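Encoded as structure tokens, the structure appears first; notes follow it.
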Amino acid sequence: GGGVGGGGGGGGFTQMERRALPQTWSLDSVPAALAAEDDPHGVQRVIQTIKVLPRTFASREALAAAVAHQGFPRDLVDWLGSNLAGPPDGPLTWVFDVDGAAALYESYKQDDDALRTVLDPPPGHEVHLVRAARSERWPTDLDHKLKQRMVELSAVAGAGSAVAAAAAA
């Protein structure tokens, strides 16, 4: 058995200390805190925007119109639209819990001793980190620390920020 976490930040690493799991795998989640005001990739801005939007839309174009004034890139707006689902002739709703996504991101931004746990895991526990090779979220000094401690770090070649999407391509 083991635990897998993706994009969930430090919280998953401290969970492994509370459970007797032999392995933890983290998928493109930097095991370090972000300051409350940091939003290096605009995720907080997107979440704040989604939280004030209606929960249902007549179409994906209606969503695009609702966020047009935010200045988001078209590919991001299209991706947001891909997170709406519903019957062919009915309203579309978010396929995820908007408030839950906001809470997960807040958890992601908290360290919860994640880096300490990764660098010094409980005895007999393996930590595996998978990251996007071109991700700008991973500080160079963190890569160096992880390699010094022999933490299993794998990079998905060609991936910028979405490991799952790049790996599936």
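The chains in the structure tokens are called A, B, ... from first to last as shown; in each chain the residues are counted from 1, and the ligands are counted from 1 in the order shown.
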
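Using only C-alpha atoms, the contacts of segment 42-48 of chain A at a cut-off of 10 Å, with sequence neighbours closer than 3 positions omitted, comprise Ala36, Glu37, Asp38, Asp39, Lys51, Val52, Leu53, Val67, Gln70, Phe72, Leu76, Val77, Leu80, Val98, Asp99, Ala101, Ala102, Ala103, Tyr105 and Glu106 of chain A.
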
Export of the given selection (C-alpha atoms) as a PDB file, in the first residue's frame:
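So selection01.pdb came out as:
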```
ATOM      1  CA  ALA A  36      -0.308  33.617   1.395  1.00  0.00           C
ATOM      2  CA  GLU A  37       0.115  36.483  -1.082  1.00  0.00           C
ATOM      3  CA  ASP A  38       2.067  34.412  -3.641  1.00  0.00           C
ATOM      4  CA  ASP A  39       0.183  33.435  -6.779  1.00  0.00           C
ATOM      5  CA  LYS A  51     -16.049  31.272  -6.682  1.00  0.00           C
ATOM      6  CA  VAL A  52     -18.098  34.355  -7.607  1.00  0.00           C
ATOM      7  CA  LEU A  53     -19.450  32.931 -10.872  1.00  0.00           C
ATOM      8  CA  VAL A  67     -14.852  35.667 -17.555  1.00  0.00           C
ATOM      9  CA  GLN A  70     -10.707  38.984 -16.444  1.00  0.00           C
ATOM     10  CA  PHE A  72      -7.533  35.141 -18.985  1.00  0.00           C
ATOM     11  CA  LEU A  76      -7.330  28.754 -19.926  1.00  0.00           C
ATOM     12  CA  VAL A  77     -10.938  29.779 -20.639  1.00  0.00           C
ATOM     13  CA  LEU A  80     -12.282  26.000 -17.592  1.00  0.00           C
ATOM     14  CA  VAL A  98     -15.678  24.872  -6.373  1.00  0.00           C
ATOM     15  CA  ASP A  99     -15.345  25.443  -2.628  1.00  0.00           C
ATOM     16  CA  ALA A 101     -11.018  23.190  -4.998  1.00  0.00           C
ATOM     17  CA  ALA A 102     -10.423  26.478  -3.178  1.00  0.00           C
ATOM     18  CA  ALA A 103      -9.793  24.599   0.083  1.00  0.00           C
ATOM     19  CA  TYR A 105      -5.403  25.099  -3.076  1.00  0.00           C
ATOM     20  CA  GLU A 106      -5.165  26.714   0.344  1.00  0.00           C
TER      21      GLU A 106
END
```

- Query: Suppose you want the space between atom CA of Leu146 of chain A and atom CA of Val130 of chain A; what is it in Å?
  - Reply: 12.0 Å

Taking the DSSP secondary structure from the backbone, can you list the residues of segment 17-169 of chain A that are strand (DSSP E), as a PDB file with N, CA, C and O atoms, in the first residue's frame?
```pdb
ATOM      1  N   GLN A  23       4.877   3.747   1.090  1.00  0.00           N
ATOM      2  CA  GLN A  23       5.284   4.624   0.001  1.00  0.00           C
ATOM      3  C   GLN A  23       4.355   5.824  -0.083  1.00  0.00           C
ATOM      4  O   GLN A  23       3.168   5.717   0.205  1.00  0.00           O
ATOM      5  N   THR A  24       4.912   6.930  -0.531  1.00  0.00           N
ATOM      6  CA  THR A  24       4.122   8.100  -0.886  1.00  0.00           C
ATOM      7  C   THR A  24       4.607   8.579  -2.244  1.00  0.00           C
ATOM      8  O   THR A  24       5.816   8.697  -2.460  1.00  0.00           O
ATOM      9  N   TRP A  25       3.673   8.823  -3.146  1.00  0.00           N
ATOM     10  CA  TRP A  25       3.976   9.361  -4.459  1.00  0.00           C
ATOM     11  C   TRP A  25       3.312  10.722  -4.563  1.00  0.00           C
ATOM     12  O   TRP A  25       2.131  10.870  -4.265  1.00  0.00           O
ATOM     13  N   SER A  26       4.055  11.716  -4.984  1.00  0.00           N
ATOM     14  CA  SER A  26       3.516  13.051  -5.193  1.00  0.00           C
ATOM     15  C   SER A  26       3.645  13.401  -6.665  1.00  0.00           C
ATOM     16  O   SER A  26       4.724  13.306  -7.243  1.00  0.00           O
ATOM     17  N   LEU A  27       2.539  13.802  -7.261  1.00  0.00           N
ATOM     18  CA  LEU A  27       2.522  14.120  -8.683  1.00  0.00           C
ATOM     19  C   LEU A  27       2.523  15.627  -8.879  1.00  0.00           C
ATOM     20  O   LEU A  27       1.512  16.300  -8.693  1.00  0.00           O
ATOM     21  N   THR A  56     -24.056  27.345 -12.582  1.00  0.00           N
ATOM     22  CA  THR A  56     -24.572  26.767 -13.830  1.00  0.00           C
ATOM     23  C   THR A  56     -24.454  27.783 -14.962  1.00  0.00           C
ATOM     24  O   THR A  56     -24.504  29.000 -14.731  1.00  0.00           O
ATOM     25  N   PHE A  57     -24.292  27.256 -16.181  1.00  0.00           N
ATOM     26  CA  PHE A  57     -24.172  28.077 -17.383  1.00  0.00           C
ATOM     27  C   PHE A  57     -24.992  27.440 -18.494  1.00  0.00           C
ATOM     28  O   PHE A  57     -25.097  26.213 -18.579  1.00  0.00           O
ATOM     29  N   LEU A  84     -17.032  21.903 -17.283  1.00  0.00           N
ATOM     30  CA  LEU A  84     -18.491  22.011 -17.188  1.00  0.00           C
ATOM     31  C   LEU A  84     -19.104  20.797 -17.868  1.00  0.00           C
ATOM     32  O   LEU A  84     -18.624  20.346 -18.904  1.00  0.00           O
ATOM     33  N   ALA A  85     -20.149  20.268 -17.276  1.00  0.00           N
ATOM     34  CA  ALA A  85     -20.824  19.111 -17.863  1.00  0.00           C
ATOM     35  C   ALA A  85     -22.315  19.222 -17.589  1.00  0.00           C
ATOM     36  O   ALA A  85     -22.747  19.909 -16.669  1.00  0.00           O
ATOM     37  N   LEU A  92     -25.143  23.582 -17.945  1.00  0.00           N
ATOM     38  CA  LEU A  92     -23.870  22.976 -17.594  1.00  0.00           C
ATOM     39  C   LEU A  92     -23.502  23.397 -16.175  1.00  0.00           C
ATOM     40  O   LEU A  92     -23.732  24.540 -15.779  1.00  0.00           O
ATOM     41  N   THR A  93     -22.914  22.467 -15.428  1.00  0.00           N
ATOM     42  CA  THR A  93     -22.462  22.765 -14.073  1.00  0.00           C
ATOM     43  C   THR A  93     -21.009  22.327 -13.942  1.00  0.00           C
ATOM     44  O   THR A  93     -20.513  21.506 -14.717  1.00  0.00           O
ATOM     45  N   TRP A  94     -20.344  22.887 -12.947  1.00  0.00           N
ATOM     46  CA  TRP A  94     -18.957  22.510 -12.691  1.00  0.00           C
ATOM     47  C   TRP A  94     -18.894  21.026 -12.341  1.00  0.00           C
ATOM     48  O   TRP A  94     -19.721  20.524 -11.602  1.00  0.00           O
ATOM     49  N   GLU A 126       9.261   5.065   1.636  1.00  0.00           N
ATOM     50  CA  GLU A 126       9.812   5.584   0.382  1.00  0.00           C
ATOM     51  C   GLU A 126       8.994   6.783  -0.063  1.00  0.00           C
ATOM     52  O   GLU A 126       7.772   6.747  -0.001  1.00  0.00           O
ATOM     53  N   VAL A 127       9.677   7.805  -0.527  1.00  0.00           N
ATOM     54  CA  VAL A 127       9.016   8.979  -1.086  1.00  0.00           C
ATOM     55  C   VAL A 127       9.415   9.073  -2.551  1.00  0.00           C
ATOM     56  O   VAL A 127      10.601   9.027  -2.892  1.00  0.00           O
ATOM     57  N   HIS A 128       8.420   9.191  -3.427  1.00  0.00           N
ATOM     58  CA  HIS A 128       8.654   9.330  -4.862  1.00  0.00           C
ATOM     59  C   HIS A 128       7.990  10.625  -5.318  1.00  0.00           C
ATOM     60  O   HIS A 128       6.802  10.831  -5.071  1.00  0.00           O
ATOM     61  N   LEU A 129       8.753  11.479  -5.961  1.00  0.00           N
ATOM     62  CA  LEU A 129       8.223  12.729  -6.493  1.00  0.00           C
ATOM     63  C   LEU A 129       8.270  12.667  -8.013  1.00  0.00           C
ATOM     64  O   LEU A 129       9.304  12.309  -8.584  1.00  0.00           O
ATOM     65  N   VAL A 130       7.173  13.004  -8.647  1.00  0.00           N
ATOM     66  CA  VAL A 130       7.116  13.090 -10.106  1.00  0.00           C
ATOM     67  C   VAL A 130       6.794  14.540 -10.430  1.00  0.00           C
ATOM     68  O   VAL A 130       5.855  15.114  -9.869  1.00  0.00           O
ATOM     69  N   ARG A 131       7.588  15.133 -11.310  1.00  0.00           N
ATOM     70  CA  ARG A 131       7.390  16.539 -11.630  1.00  0.00           C
ATOM     71  C   ARG A 131       7.467  16.788 -13.121  1.00  0.00           C
ATOM     72  O   ARG A 131       8.020  15.982 -13.866  1.00  0.00           O
ATOM     73  N   ALA A 132       6.887  17.881 -13.538  1.00  0.00           N
ATOM     74  CA  ALA A 132       7.001  18.309 -14.924  1.00  0.00           C
ATOM     75  C   ALA A 132       8.413  18.859 -15.133  1.00  0.00           C
ATOM     76  O   ALA A 132       8.868  19.693 -14.360  1.00  0.00           O
ATOM     77  N   GLU A 152      13.646   9.908  -4.543  1.00  0.00           N
ATOM     78  CA  GLU A 152      13.329   9.472  -5.896  1.00  0.00           C
ATOM     79  C   GLU A 152      12.559  10.579  -6.609  1.00  0.00           C
ATOM     80  O   GLU A 152      11.398  10.846  -6.312  1.00  0.00           O
ATOM     81  N   LEU A 153      13.230  11.279  -7.533  1.00  0.00           N
ATOM     82  CA  LEU A 153      12.633  12.386  -8.269  1.00  0.00           C
ATOM     83  C   LEU A 153      12.628  12.046  -9.742  1.00  0.00           C
ATOM     84  O   LEU A 153      13.678  11.816 -10.338  1.00  0.00           O
ATOM     85  N   SER A 154      11.442  11.987 -10.328  1.00  0.00           N
ATOM     86  CA  SER A 154      11.303  11.686 -11.752  1.00  0.00           C
ATOM     87  C   SER A 154      10.729  12.908 -12.444  1.00  0.00           C
ATOM     88  O   SER A 154       9.848  13.573 -11.902  1.00  0.00           O
ATOM     89  N   ALA A 155      11.217  13.196 -13.644  1.00  0.00           N
ATOM     90  CA  ALA A 155      10.713  14.334 -14.411  1.00  0.00           C
ATOM     91  C   ALA A 155      10.061  13.823 -15.683  1.00  0.00           C
ATOM     92  O   ALA A 155      10.622  12.987 -16.390  1.00  0.00           O
ATOM     93  N   VAL A 156       8.853  14.313 -15.964  1.00  0.00           N
ATOM     94  CA  VAL A 156       8.154  13.967 -17.199  1.00  0.00           C
ATOM     95  C   VAL A 156       8.664  14.923 -18.270  1.00  0.00           C
ATOM     96  O   VAL A 156       8.423  16.128 -18.212  1.00  0.00           O
TER      97      VAL A 156
END
```

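Nearest residue to Thr117 of chain A among A:His69, A:Arg149, A:Arg55, A:His144 is A:Arg149, counting only C-alpha atoms.
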